[in-house]
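Quick notes on the structure that follows.
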Amino acid sequence: LRSLKGLVYRSLKLDHGCALHTAARDGLSSLSTQDAPERPRAVFHTSESDPAKHTEQHEGRLYNIPLEEVKAVFPHGLPYRFQQQIQTFNEARVMVRRPALEILAYLKGSNFAHPAVRYVIYGERGTGKTMTLCHVVHYCSRQGWLVLHIPDAHLWVKNCKELLQSSYNKERLDQPLQASVWLRNFKTSNERFLQEIKTQKKYMWGKRESTEEGRPLGEVVEQGLARVRSASDAVGVVLREIKQQSHRGSFRLLVAVDGVNALWGRTTLRKEDRSPVSPEELTLVHNLRKMVRNDWSGGAIVTTLSQTGSLFKPSSAYTPHELLGKEGFDALDPFVPIPVANYSPREFESCYGYYLERKWLQHEKAHTEDGKAELQFLSGSNPRQLDRLAGPL
Amino acid sequence: RIMPVRWSRYNPSYLEPEVKKESYQKPLEELTEEEREQMELKAVQPIKAAPPTLSSSVFSDPMISKFTNMMMKSGNKVLARSLMSQTLEAIKRKQLEKYHKAPENEKETIECNPYVIFHQALKNCQPIIGLSNITKGGKTYQVPVPLTDNRKRFLAMKWLITECRENKHRRTMMAEKLCQELLLAFNNEGPVIKRKHVLHKMAEANRAYAHFRWW
């Protein structure tokens with residue numbers, strides 16, 4: 001019976017209007033017509049909630065992430081509108097799309113003895129770059145990797161209320177608030193690694209406090225959370241330790257940075273004498289840049305470009321060269337570019353069907369063909385525009 | 001410079017623009033004689049400029065447009081429209097959350113469509129009878145007077161907007177305030193319904209002066 005259900009899923013997916021399939025499958029359409037009235041809603045869902053098993057068959061379908069896992073894996077990192085959607089629908093459904101499947105295939109086939117490969121996800125505004133990154137992060141945390149997820153690097157280069165002069169290096173500036181927030185979220189997502197990884201050096205926090213060699217990393221994180229003034233240095237220590245120990249092979253490391261173009265642009269922060277701060281003068285950015293270099297092995301670096309939060313960049317810029325600038329492009333240079341496009345017709349159908357099923361589209365005309373055509377035209381199959389349009393309808 | 005066109009005095013030969021898609025999709029055979037004549041007339045006669053509020057979208061609603069225009073300040077239609085869409089979305093979210101948490105038998109009673117809620121709330125806020133100031137013999141009396149449909153709709157919308165703008169906490173967003181007011185009005189509770197009842201009571205109390213009305 002299970003195989004029959006699987007066949008029905010696949011053939012109903014065919015019947016949904018995509019012209020890529022061979023005539024051999026038409027034999028199954030007779031089976032599909034019996035079940036079509038009962039199961040037309042479930043075509044765009046898939047019960048496969050493990051990203052490791054997602055293949056091209058699942059492309060365009062939505063898979064469910066259990067809510068406890070969402071809280072554990074994504075304490076930060078999901079877009080705000082998606083978090084609201086999770087709360088309204090009481091479930092987290094992410095669409096499986098081709099760019100994400102591409103990255104997952106590369107990760108599955110990569111050799112971890114070689115230096116880490118860098119993947120840069122780019123695309124126009126609202127096409128799903130952050131969601132692709134979240135899909136990859138979910139896969140890696142399911143596989144048991146250590147995930148270093150920075151939700152938005154732009155938050156570290158703008159709107160900072162407190163800038164302290166770093167005690168470690170006189171020229172650099174610390175950001176205690178951002179560092180402590182990030183440390184708290186890092187602790188929630190990676191509890192078990194913090195007990196396993198041990199420090200390899202003695203670190204002094206000021207004159208009296210220190211962390212001995214061989215203590216678990218959890219203590220460094222506690223130190224950073226307790227003494228907020230040294231939180232940025234704690235972040236630096238954590239990054240350094242993880243990077244040095246990743247090549248041993250006891251754990252795999254994923255560095256996931258959203259908005260990586262913030263690390264090489266300009267900041268809107270100013271020092272007390274009103275001179276502008278450049279990104280290298282911030283401890284957090286300095287340490288993160290070292291992390292994104294490919295001089296370590298035993299993991300991968302997946303990053304996203306983002307124009308929305310970026311500073312001093314025109315709104316039409318979306319390619320890596322425009323957003324990263326010369327400095328950033330040279331720093332990231334051998335990378336695998338992954339473009340993310342708007343919804344294909346099948347993905348649009350899937351998203352539209354999901355909204356209908358969850359009763360998100362309440363307007364009577366939204367259920368008609370005219371309404372659907374109008375939504376497709378107005379949004380241009382752009383995921384963010386579709387979400388914004390479907391809100392009031 | 002934009003030349004004012006809509007309030008200009010058009011030549012009477014100018015016809016109104018036809019926006020509905022259905023009228024253009026009918027094949028020629030189905031039209032009656034008059035419609036065929038009118039189509040030929042439209043091909044020849046000049047047509048007035050369509051106002052920017054006239055939309056051919058299936059999702060456009062004249063009441064919602066009217067409400068958005070009343071919320072607009074200093075011509076900022078973009079802001080008014082985004083506030084309106086945020087309000088509708090907020091209503092939908094609240095109702096959907098309630099719907100998903102409710103037990104099976106109560107699910108049908110919960111209305112999730114924000115447009116239905118909006119229309120019903122406006123209908124509940126509309127007064128049936130109004131008061132008008134009539135001066136007779138040096139004194140001004142508040143005389144109960146029947147209201148036209150347009151006036152009722154206008155009063156309902158005006159009360160909702162002034163209530164949200166003035167009597168709420170300063171830091172809440174307009175979309176949130178409107179959402180709360182509309183949901184209360186939908187259930188026949190809230191300050192706007194109270195204002196309507198107060199008006200009705202005043203009209204009832206001043207029943208004696210009803211004969212002062214001469215129209």
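Ordering of the structure tokens sets the chain letters (A, B, ...), residue numbers begin anew at 1 in every chain, and ligands are numbered from 1 in the order given.
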
Using only C-alpha atoms, tabulate the residues of chain A lying at most 7 Å from any atom of chain B, each with its closest atom pair and that distance in Å to one decimal, by chain and increasing residue number, as CSV.
residue,atom,partner,partner_atom,distance
A:Thr88,CA,B:Glu97,CA,5.6
A:Gln362,CA,B:Asn113,CA,5.2
A:His363,CA,B:Asn113,CA,6.7
A:Lys365,CA,B:Val58,CA,6.5
A:Gly371,CA,B:Val58,CA,6.5
A:Gly391,CA,B:Glu89,CA,5.2
A:Pro392,CA,B:Glu89,CA,4.6

Where does DSSP see alpha helix (DSSP H) in range 24-86 of chain B, if you list the residues as a ChimeraX atom specification? /B:24-25,33-44,62-71,77-86

Selection to disk with C-alpha atoms, as an mmCIF file, in the first residue's frame:
data_model
loop_
_atom_site.group_PDB
_atom_site.id
_atom_site.type_symbol
_atom_site.label_atom_id
_atom_site.label_comp_id
_atom_site.auth_asym_id
_atom_site.auth_seq_id
_atom_site.Cartn_x
_atom_site.Cartn_y
_atom_site.Cartn_z
ATOM 1 C CA TYR B 24 -14.441 42.602 -23.180
ATOM 2 C CA GLN B 25 -14.311 38.825 -23.133
ATOM 3 C CA GLU B 33 -28.547 45.094 -30.235
ATOM 4 C CA GLU B 34 -28.064 47.912 -27.713
ATOM 5 C CA GLU B 35 -24.733 46.557 -26.542
ATOM 6 C CA ARG B 36 -23.522 46.295 -30.127
ATOM 7 C CA GLU B 37 -24.515 49.887 -30.758
ATOM 8 C CA GLN B 38 -22.770 51.000 -27.605
ATOM 9 C CA MET B 39 -19.573 49.191 -28.629
ATOM 10 C CA GLU B 40 -19.590 50.978 -31.979
ATOM 11 C CA LEU B 41 -20.186 54.286 -30.234
ATOM 12 C CA LYS B 42 -17.218 53.652 -27.922
ATOM 13 C CA ALA B 43 -14.955 53.024 -30.890
ATOM 14 C CA VAL B 44 -15.681 56.521 -32.167
ATOM 15 C CA PRO B 62 -14.829 50.018 -3.177
ATOM 16 C CA MET B 63 -15.451 50.136 0.605
ATOM 17 C CA ILE B 64 -11.834 49.288 1.355
ATOM 18 C CA SER B 65 -10.670 51.993 -1.085
ATOM 19 C CA LYS B 66 -12.983 54.527 0.547
ATOM 20 C CA PHE B 67 -11.654 53.598 3.996
ATOM 21 C CA THR B 68 -8.056 53.851 2.787
ATOM 22 C CA ASN B 69 -8.745 57.308 1.371
ATOM 23 C CA MET B 70 -10.205 58.436 4.667
ATOM 24 C CA MET B 71 -7.155 57.148 6.550
ATOM 25 C CA LYS B 77 -1.724 56.932 -0.309
ATOM 26 C CA VAL B 78 1.207 54.488 -0.186
ATOM 27 C CA LEU B 79 1.300 54.646 3.611
ATOM 28 C CA ALA B 80 -2.507 54.454 3.950
ATOM 29 C CA ARG B 81 -2.685 51.409 1.684
ATOM 30 C CA SER B 82 0.144 49.612 3.461
ATOM 31 C CA LEU B 83 -1.577 50.308 6.812
ATOM 32 C CA MET B 84 -4.796 48.866 5.401
ATOM 33 C CA SER B 85 -3.070 45.698 4.177
ATOM 34 C CA GLN B 86 -1.251 45.306 7.520
#

Apply DSSP to the structure's backbone, then extract all residues of range 5-207 of chain B labelled strand (DSSP E) and return them as a list in words. Ile129, Gly130, Leu131, Ser132, Asn133, Ile134, Thr135, Lys136, Lys139, Thr140, Tyr141, Gln142, Val143, Pro144, Val145 and Pro146 of chain B

Of the candidates B:Met72, B:Pro51, B:Glu204, B:Ile129, which shows the shortest atom-to-atom distance to Pro146 in chain B, using only C-alpha atoms? B:Ile129

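For Arg125 in chain A, the non-local neighbours within 10 Å, defined as residues at least 4 positions apart in the same chain or in other chains and counting only C-alpha atoms, are A:Lys129, A:Ser306, A:Gln307, A:Thr308, A:Ser315, A:Ser316, A:Ala317, A:Tyr318, A:Val340, A:Ala341, A:Asn342, A:Asn382, A:Pro383, A:Arg384, A:Gln385.
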